[in-house]
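The structure appears right after this line, and notes come after that.
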Amino acid sequence: MLFSWRGDPGARRLLLSLLLLAAWKTGSTQVHYSVPEEAKHGTFVGRIAQDLGLELAELVPRLFRVASKGRGDLLEVNLQNGILFVNSRIDREELCGRSAECSIHLEVIVERPLQIFHVEVEVKDINDNPPVFPENKKRIIIAESRPPETRFPLDGATDADVGVNSALTYRIDPNDYFALDTQNNREQTSSLSLMLRKSLDREEIQEHRLLLTANDGGKPELTGTVQLLITILDVNDNAPEFDKFIYKVRVLENAFNGTLVFKLNATDPDEGINGEIIYLFRRPVSPTVLNAFIINPKSGEIRTKGKLDFEENKFYEISVEAVDQGNIPMAGHCTVLVEILDINDNAPEVTITSLSLPVLEDAQVGTVIALISVSDRDSGANGQVTCSLTPHVPFKLVSTFKYYYSLVLANDLDRESVANYAVVVTARDGGSPSLSATASVFVEVADVNDNVPEFSQREYTVFVKENNTPGSHIFTLSARDVDVQENALVSYSLVERRVGERALSSYVSVHAESGKVYALQPLDHEELELLQFQPRQPNPDWRYSASLRAGMHSSVHLEEAGILRAGPGGPDQQWPTVSSATPEPEAGEVSPPVGAGVNSNSWTFKYGPGNPKQSGPGELPDKFIIPGSPAIISIRQEPTNSQIDKSDFITFGKKEETKKKKKKKKGNKTQEKKEKGNSTTDNSDQ
């Protein structure tokens, strides 16, 4: 494993710890490890949980998992000790081919809360591949008339390893006639030739057998060999020649089938059939070349065959030979290097790897909704991808690492306004014209109990005859909650209080589910002038009050109570508002509602004509009068969270003279009733 840093090991570990800690705190952690290819199963790679700052105890509860796109199960994590280890055989050449760099990218995902970490595991090359020649035996035909220093191309060996492990050197058996000539060019390819050191004499030696050996640069070094069988002929002393040894051309990857790539032109100073040339791909021919190109043996034209794809092959090296038609054929050789140019033929790909749905409507801004990754197989500007979201949605994309994004909450949600969102992620590359791809995320907003029930109207007026039948239905309350499911269930109840010597519940009741209000016993106007009660619902922030006046025409009033909010940090005071209650004939007119509405910060009360007073939050007089009326209104204050019956907030009283007059009037009415034989008058139409 470890990090390829130089210097004191203790200093490296300290620096590593500091770098990892800094990376964790930024939220875009990336950890690097290295492991040699062909490592055995169970080989230790790194303490991934510790290096990512995760506790071992939280790996399983947080659903710790590791994903590697297209890499299978090469690496695994032991959830008991948090160690990353080799799970199956890693072949660098199979994984990355001849690429100088080879790594396995891991995505580490944990939830609760959702986090993603990125880990790069570099696969180190080992010298596990020997040089390999394309053939075990190579036959070469050379005319005896060829002059010294003539060069005959040889096929070099290939080594699947990289770096120093693939650096090859060559040697042949010691001899008097041939030597090896190796030349390197700027394209980082090497040409291997057999050079003639002195003139040949077919009559002396008709065939030469030499062993060509290739050694790689690994330790220990590995070798490969090929047997050279050189036959000496005595005809046709001039071989075709090209004007260059290497030709370079460029072709767009979208070239049509049959597009001309290059036209070869070799010359042969011989006459007749000895100067006639045919062009061939020099054997052995790579399958990738055969699948992509064809050569016309007469004209020397190289054309495309099938479809080119920059993403599969960016570069082709084509070895060509020109062979004359003499009795002893002679050949000239060259190499055509074909570079494939990229076009914007691949649209970006959008992948949604993890979702946290549905989203509570009270979720905090910054909550991660989904993890998104984008990719584009093109290169350069054609492969540069930018992402955008559907406009006018309360979400945004936050880049976490290269082409990885998090879809996060950007603004507050309100399910009652918008219950779900169809979010479209658009990935667009930088090509011209650009290509794009989209992916949709359906975000459902989950309800929370953030709305109080509301009555269909603020005041209900109901007329009830006295001497009604016990259990008769008086009226029905109706309240609605805009939340859903259990948050929208509404139940009704009365706030218990004393009415004279008896409890309110002995007079009326309300059905918890239907809201129907029933009179439990006959109402007597002469016995009970005012019946006041409050239907309530479970939410403690709302209070309701009502008054019931018994008589020939009784009225019931229902209204919401106001809530007076104190300053920041102060207690909530709940005061009922005063409605226009039905006055008695001698009481005069009741003034308009007294007090403040919901969320106000002050109350205004009048202590008789011309004596105004402004009260602040939390202040309320014990009693006050209504101008133009002999009524005295007493208000009782109770401490916050008091369990005492809160129905008796407002009490309507009379001045002493008025009370006596009322008592006398009540006695006269009782006497008249007895004289009429308990007869009643129905004024329900009044």
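A note on labels: chains of the structure tokens are A, B, ... as shown, every chain counts residues from 1, and ligands are counted from 1 in their shown order.
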message: For the helix (DSSP H, G or I) assignment from backbone DSSP, which residues of segment 365-478 of chain A qualify? Please present them as a ChimeraX atom specification.
response: /A:380-383
- prompt: Would you give me, as number ranges by chain, the residues in segment 239-359 of chain A that DSSP reads as strand (DSSP E or B)?
  reply: A: 241-242, 246-252, 260-263, 266-267, 277-281, 293-295, 301-304, 315-324, 331-341, 349-355, 359
message: I want to know what sits within 10 Å of Glu58 of chain A, based on only C-alpha atoms, with residues of the same chain fewer than 6 positions away left out; could you give that as JSON, numbers by chain?
response: {"A": [49, 64, 79, 110, 111, 112]}
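In this comparison, which uses only C-alpha atoms, the residue of A:Ser191, A:Ser88, A:Thr335, A:Ser68 approaching Thr43 of chain A most closely is A:Ser88.
Using only C-alpha atoms for every distance, the candidate list A:Asn346, A:Thr169, A:Ser432, A:Asn87 yields A:Thr169 as the residue closest to Thr225 of chain A.
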query: Which is closer to Leu168 of chain A than all the others in A:Asn296, A:Asn215, A:Ser193, A:Ser199, using only C-alpha atoms?
result: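 Closest residue, counting only C-alpha atoms: A:Asn215.
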query: Can you list, as number ranges by chain, every protein, DNA or RNA residue that comes within 9 Å of Glu135 of chain A when you count only C-alpha atoms, leaving out same-chain residues fewer than 5 positions away?
result: A: 155, 226-227, 284
May I have the residues from that selection written out with C-alpha atoms, as a PDB file, in the first residue's frame?
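Contents of the output file part_4.pdb:
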```
ATOM      1  CA  ASP A 155       9.293  -6.826 -36.183  1.00  0.00           C
ATOM      2  CA  VAL A 226      12.662 -15.213 -32.479  1.00  0.00           C
ATOM      3  CA  GLN A 227      14.643 -17.365 -34.967  1.00  0.00           C
ATOM      4  CA  PRO A 284       1.796  -9.773 -39.351  1.00  0.00           C
TER       5      PRO A 284
END
```
task: Take atom CA of Ile369 of chain A and atom CA of Ala427 of chain A and report the distance between them in Å, one decimal.
output: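 Computing it gives 18.0 Å between the two atoms.
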query: Nearest to Thr213 of chain A among A:Ser145, A:Thr426, A:Asn136, A:Ser373, with distances taken over only C-alpha atoms: which residue is it?
result: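 Residue with the minimum atom-to-atom distance to Thr213 of chain A: A:Asn136.
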